[in-house]
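run10.cif follows (mmCIF, C-alpha atoms):
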data_protein
loop_
_atom_site.label_atom_id
_atom_site.label_comp_id
_atom_site.auth_asym_id
_atom_site.auth_seq_id
_atom_site.Cartn_x
_atom_site.Cartn_y
_atom_site.Cartn_z
CA GLY H 779 19.63 -11.72 -4.47
CA GLY H 780 15.87 -11.70 -4.93
CA PRO H 781 13.70 -11.02 -7.97
CA SER H 782 15.01 -7.45 -8.37
CA PRO H 783 18.72 -7.69 -7.55
CA ASN H 784 19.60 -4.80 -9.86
CA LEU H 785 18.39 -2.37 -7.20
CA ARG H 786 21.17 -3.66 -4.98
CA LEU H 787 23.62 -2.94 -7.77
CA ILE H 788 22.34 0.64 -8.03
CA LYS H 789 22.89 1.05 -4.29
CA ALA H 790 26.35 -0.54 -4.58
CA LEU H 791 27.19 1.97 -7.30
CA ALA H 792 26.14 4.88 -5.08
CA ASP H 793 28.04 3.45 -2.10
CA SER H 794 31.22 2.93 -4.15
CA LEU H 795 31.59 6.54 -5.31
CA PRO H 796 34.56 8.41 -3.80
CA GLU H 797 32.23 11.26 -2.84
CA ARG H 798 28.60 10.46 -2.06
CA PRO H 799 26.19 12.56 -4.14
CA ASP H 800 23.70 14.87 -2.46
CA GLY H 801 20.00 13.98 -2.35
CA ARG H 802 19.30 15.49 -5.75
CA GLY H 803 22.12 13.50 -7.32
CA LEU H 804 20.89 10.27 -5.77
CA ALA H 805 17.31 10.98 -6.85
CA TRP H 806 18.62 11.51 -10.38
CA LEU H 807 20.42 8.15 -10.20
CA ALA H 808 17.07 6.55 -9.34
CA GLY H 809 15.55 8.46 -12.24
CA CYS H 810 18.13 7.16 -14.71
CA TYR H 811 17.29 3.63 -13.61
CA ALA H 812 13.56 4.23 -13.96
CA ALA H 813 14.12 5.65 -17.44
CA ILE H 814 16.16 2.84 -19.00
CA TYR H 815 15.80 -0.12 -16.56
CA ASN H 816 19.24 -1.55 -17.22
CA THR H 817 21.94 -1.22 -14.59
CA PRO H 818 25.04 -0.53 -16.76
CA SER H 819 23.02 1.85 -18.93
CA THR H 820 21.86 3.60 -15.76
CA ALA H 821 25.47 4.19 -14.76
CA ALA H 822 26.35 5.48 -18.24
CA LEU H 823 23.47 7.96 -18.29
CA TRP H 824 24.17 9.19 -14.76
CA PHE H 825 27.91 9.71 -15.29
CA GLU H 826 27.57 11.27 -18.74
CA TRP H 827 24.59 13.47 -17.88
CA PRO H 828 24.97 15.02 -14.41
CA LEU H 829 21.79 16.61 -13.14
CA HIS H 830 22.88 20.19 -13.77
CA ASP H 831 23.77 19.30 -17.38
CA ILE H 832 20.52 17.60 -18.25
CA LEU H 833 18.47 20.36 -16.67
CA SER H 834 20.10 22.90 -18.99
CA ALA H 835 20.13 20.69 -22.10
CA THR H 836 17.64 21.09 -24.90
CA PRO H 837 15.59 18.05 -25.92
CA GLU H 838 17.42 18.13 -29.25
CA ASP H 839 20.86 18.06 -27.61
CA LEU H 840 19.96 15.08 -25.46
CA THR H 841 18.27 13.24 -28.31
CA ASP H 842 21.31 13.78 -30.56
CA TRP H 843 23.63 12.39 -27.88
CA LEU H 844 21.41 9.34 -27.34
CA GLU H 845 21.25 8.68 -31.08
CA LYS H 846 25.05 8.84 -31.30
CA HIS H 847 25.54 6.37 -28.44
CA TRP H 848 22.38 4.28 -28.85
CA GLU H 849 24.12 0.95 -29.55
CA GLY H 850 25.98 1.22 -26.24
CA LEU H 851 22.85 1.93 -24.18
CA PRO H 852 20.74 -1.22 -23.87
CA VAL H 853 17.12 -0.49 -22.97
CA HIS H 854 15.34 -3.24 -21.02
CA SER H 855 12.56 -4.88 -23.03
CA ASN H 856 9.96 -3.72 -20.51
CA ARG H 857 10.98 -0.12 -21.23
CA ARG H 858 11.09 -0.21 -25.03
CA ARG H 859 7.45 0.73 -25.59
CA THR H 860 7.81 4.07 -23.79
CA CYS H 861 11.57 4.70 -24.05
CA GLY H 862 12.65 2.52 -26.96
CA VAL H 863 13.80 5.35 -29.23
CA PRO H 864 16.12 8.25 -28.39
CA ARG H 865 13.43 10.92 -28.58
CA LYS H 866 11.17 9.13 -26.09
CA LEU H 867 14.01 8.26 -23.71
CA ALA H 868 15.17 11.89 -23.78
CA ALA H 869 11.70 13.15 -22.83
CA THR H 870 11.43 10.66 -19.96
CA MET H 871 14.92 11.48 -18.67
CA GLN H 872 14.20 15.20 -18.61
CA ALA H 873 10.90 14.69 -16.79
CA LEU H 874 12.63 12.54 -14.18
CA ALA H 875 15.45 15.07 -13.87
CA LYS H 876 12.94 17.80 -12.98
CA PHE H 877 11.39 15.48 -10.41
CA ALA H 878 14.81 14.78 -8.88
CA ASP H 879 15.83 18.42 -8.87
CA GLY H 880 12.69 19.50 -7.03
CA MET H 881 13.22 17.08 -4.12
CA THR H 882 9.59 17.65 -3.12
CA PHE H 883 8.67 13.98 -3.01
CA GLU H 884 7.64 12.19 0.19
CA ARG H 885 10.63 11.74 2.48
CA GLY H 886 8.66 10.25 5.36
CA ASP H 887 6.74 6.98 5.52
CA ASP H 888 3.58 7.86 3.54
CA PHE H 889 3.88 5.41 0.66
CA ASP H 890 0.55 6.37 -0.90
CA ARG H 891 1.72 9.96 -1.20
CA LEU H 892 5.02 8.88 -2.75
CA TRP H 893 3.10 6.57 -5.07
CA ALA H 894 0.95 9.42 -6.35
CA GLN H 895 4.03 11.58 -6.86
CA VAL H 896 6.09 9.07 -8.86
CA ASN H 897 3.07 8.18 -10.96
CA GLY H 898 2.66 11.86 -11.74
CA VAL H 899 5.91 11.83 -13.73
CA PRO H 900 5.31 11.31 -17.48
CA ASN H 901 6.01 7.78 -18.76
CA VAL H 902 6.43 6.22 -15.31
CA GLY H 903 3.18 4.33 -14.68
CA ARG H 904 2.48 1.46 -12.31
CA TYR H 905 5.34 -0.93 -13.02
CA PHE H 906 8.09 1.66 -13.05
CA GLY H 907 6.40 3.54 -10.24
CA ILE H 908 7.16 0.49 -8.09
CA LYS H 909 10.76 0.37 -9.31
CA PHE H 910 11.29 4.12 -8.95
CA ALA H 911 9.81 4.29 -5.45
CA GLY H 912 11.82 1.23 -4.42
CA THR H 913 15.04 2.77 -5.72
CA LEU H 914 14.41 6.04 -3.88
CA ARG H 915 13.95 4.01 -0.71
CA ILE H 916 17.02 1.80 -1.11
CA LEU H 917 19.13 4.92 -1.69
CA GLY H 918 17.91 6.31 1.63
CA LEU H 919 15.90 9.19 0.18
CA THR H 920 12.56 8.19 1.68
CA ARG H 921 11.25 6.01 4.48
CA ALA H 922 8.10 5.21 2.52
CA GLU H 923 7.91 1.47 1.94
CA GLN H 924 5.57 -0.49 -0.30
CA TYR H 925 3.01 -2.32 1.82
CA ASP H 926 1.01 -4.30 -0.77
CA VAL H 927 1.36 -5.53 -4.36
CA ARG H 928 -0.29 -2.47 -5.93
CA ALA H 929 -2.89 -4.78 -7.43
CA LYS H 930 -4.68 -2.22 -9.60
CA GLY H 931 -3.59 -2.92 -13.18
CA ALA H 932 -1.02 -5.53 -12.09
CA LYS H 933 -1.08 -7.69 -15.23
CA ASN H 934 1.39 -10.46 -14.40
CA GLY H 935 0.96 -10.36 -10.64
CA ARG H 936 -2.82 -10.68 -10.88
CA LYS H 937 -2.44 -13.54 -13.38
CA THR H 938 -0.27 -15.40 -10.90
CA LEU H 939 -2.83 -14.87 -8.14
CA GLY H 940 -5.37 -16.37 -10.54
CA TYR H 941 -3.16 -19.47 -10.85
CA LEU H 942 -2.78 -19.74 -7.10
CA TYR H 943 -6.49 -19.15 -6.46
CA PRO H 944 -8.28 -20.39 -9.61
CA GLU H 945 -11.69 -19.86 -8.04
CA HIS H 946 -10.92 -16.11 -8.20
CA ALA H 947 -9.19 -16.06 -11.59
CA MET H 948 -12.00 -14.12 -13.25
CA THR H 949 -11.92 -11.31 -10.66
CA ALA H 950 -8.79 -11.01 -8.55
CA GLY H 951 -6.75 -12.67 -11.30
CA ASP H 952 -7.90 -10.36 -14.09
CA HIS H 953 -5.96 -7.09 -14.30
CA HIS H 954 -8.69 -5.64 -16.54
CA ASP H 955 -11.14 -5.87 -13.64
CA ASN H 956 -10.10 -2.94 -11.49
CA SER H 957 -13.31 -2.61 -9.56
CA LYS H 958 -12.79 -1.84 -5.90
CA SER H 959 -13.97 -5.28 -4.81
CA SER H 960 -11.69 -7.16 -7.22
CA VAL H 961 -8.62 -5.08 -6.36
CA GLU H 962 -9.27 -5.50 -2.63
CA LEU H 963 -9.71 -9.25 -3.11
CA ALA H 964 -6.43 -9.43 -5.04
CA GLU H 965 -4.62 -7.63 -2.23
CA LYS H 966 -6.21 -9.96 0.34
CA LEU H 967 -5.10 -13.03 -1.60
CA ALA H 968 -1.61 -11.57 -1.95
CA VAL H 969 -1.41 -11.21 1.83
CA GLU H 970 -2.44 -14.86 2.19
CA ALA H 971 0.06 -16.03 -0.45
CA LYS H 972 2.88 -14.03 1.12
CA TRP H 973 2.00 -15.42 4.54
CA LYS H 974 2.10 -18.98 3.15
CA CYS H 975 5.48 -18.37 1.54
CA GLU H 976 6.84 -17.20 4.87
CA GLY H 977 5.11 -19.74 7.09
CA GLU H 978 5.36 -22.88 4.96
CA TYR H 979 8.50 -22.27 2.91
CA ASP H 980 10.47 -19.80 5.06
CA LEU H 981 10.58 -17.42 2.08
CA LYS H 982 10.59 -13.98 3.67
CA THR H 983 10.26 -11.06 1.29
CA THR H 984 9.45 -7.39 1.33
CA TRP H 985 6.28 -6.33 -0.49
CA PHE H 986 8.46 -4.88 -3.24
CA GLU H 987 10.12 -8.27 -3.70
CA PHE H 988 6.88 -10.21 -3.43
CA ALA H 989 5.21 -8.11 -6.14
CA ALA H 990 8.19 -8.82 -8.39
CA LEU H 991 8.05 -12.51 -7.50
CA LEU H 992 4.39 -12.75 -8.56
CA CYS H 993 5.25 -10.98 -11.81
CA GLU H 994 8.22 -13.22 -12.60
CA TYR H 995 6.18 -16.35 -11.93
CA ASN H 996 3.73 -15.52 -14.70
CA GLN H 997 6.54 -14.51 -17.02
CA ALA H 998 8.12 -17.91 -16.43
CA VAL H 999 4.82 -19.69 -17.07
CA LYS H 1000 4.52 -17.84 -20.40
CA GLY H 1001 8.05 -18.95 -21.24
CA LYS H 1002 9.17 -15.41 -22.08
CA ARG H 1003 11.32 -14.52 -19.09
CA TYR H 1004 12.98 -16.87 -16.66
CA PRO H 1005 13.89 -15.77 -13.10
CA GLY H 1006 17.19 -13.93 -13.28
CA LYS H 1007 16.95 -12.94 -16.93
CA THR H 1008 17.12 -9.24 -16.05
CA SER H 1009 20.45 -9.78 -14.31
CA ASP H 1010 21.73 -11.81 -17.25
CA ALA H 1011 20.62 -9.08 -19.62
CA ASP H 1012 22.51 -6.49 -17.56
#
Take the structure from the file and write it as structure tokens.
Amino acid sequence: GGPSPNLRLIKALADSLPERPDGRGLAWLAGCYAAIYNTPSTAALWFEWPLHDILSATPEDLTDWLEKHWEGLPVHSNRRRTCGVPRKLAATMQALAKFADGMTFERGDDFDRLWAQVNGVPNVGRYFGIKFAGTLRILGLTRAEQYDVRAKGAKNGRKTLGYLYPEHAMTAGDHHDNSKSSVELAEKLAVEAKWKCEGEYDLKTTWFEFAALLCEYNQAVKGKRYPGKTSDAD
């Protein structure tokens, strides 16, 4: 199902509910996913903490509940640095709940505007900005669609581009080099690589999927995460 099949599971969850949530409820479902990055845990958080409950909860109440149920709420390894303890996860959840409740994010097709908005939420950042924006789109809350790999700061994706184009490994392939020229070159090479995948291998992807594909390639090279590990972990 692609390099990020868990988004399809989130959509399947929303589609399977007897009564479809309103936009705020769906935005909060996307927020739960962005907070914990594990599909079953997302469902647990969303069902146990409806939006109106979390908006009225104190940080202490939410933290206490998370501590009580922590063993039953797996946090994806990519999320443990920012949400790996109950106190941090509680803070991130409440920030995302406020974002969902406001419903002021881009509903049209201006992805750059949506990108700025999701990255304005505490503890989201580049990687989960991509996931959060992609989830909002797949749930039908925005028409804004990712149109590049978001090369600025893209650690694993830029490393993969360096493998594919070794002559540019020190610029386009280095996520520490976020000069305008290097980021633009990385995006240009990503366009070329995506075109080759489609033209030579009939591998057609969205930009969201292609960014994930570049990331997973480098993870596989490092030997730390094989393609599909996220689904297995779920």
> In Å to one decimal, how far is CA of Met881 in chain H from CA of Ser834 in chain H?
Replying inline: 17.4 Å
>> So that I can see what lies close to Ala792 in chain H, please list as a PyMOL selection string the residues with an atom at most 8 Å from it, counting all atoms listed in the file and leaving out residues fewer than 4 positions away in the same chain.
In response: chain H and resi 788+798-799+804+917
Write out, as a compact mmCIF listing (two decimals), keeping the file's coordinate frame, the residues just selected, with C-alpha atoms.
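Final output, again01.txt:
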# COMPACT_ATOMS: atom_id res chain seq x y z
CA ILE H 788 22.34 0.64 -8.03
CA ARG H 798 28.60 10.46 -2.06
CA PRO H 799 26.19 12.56 -4.14
CA LEU H 804 20.89 10.27 -5.77
CA LEU H 917 19.13 4.92 -1.69
>> Neighbouring residues of Leu833 in chain H were defined as those with any atom within 9 Å, considering all atoms listed in the file; residues of the same chain fewer than 5 positions away were excluded. Please report them as a PyMOL selection string.
In response: chain H and resi 828+872+875-876+879
> For the file shown, what are the residues hit by the PyMOL selection byres ((chain H and resi 1009) around 12), laid out as a PyMOL selection string?
Replying inline: chain H and resi 779-787+815-818+854+1003-1008+1010-1012
>> Report, in Å with one decimal, the straight-line distance from CA of Ile832 in chain H to CA of Gly880 in chain H.
In response: 13.8 Å
> How would you write as a PyMOL selection string the residues that get within 12 Å of (16.5, 10.7, 0.0) in the file's frame, counting all atoms listed in the file?
Replying inline: chain H and resi 799-808+878-887+892+911-922
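When all atoms listed in the file are used to compute distances to Leu939 in chain H, the closest of the residues H:Tyr925, H:Phe910, H:Tyr979, H:Tyr995 turns out to be H:Tyr995.
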> So how far away is CA of Ala947 in chain H from CA of Glu965 in chain H, in Å?
Replying inline: 13.4 Å
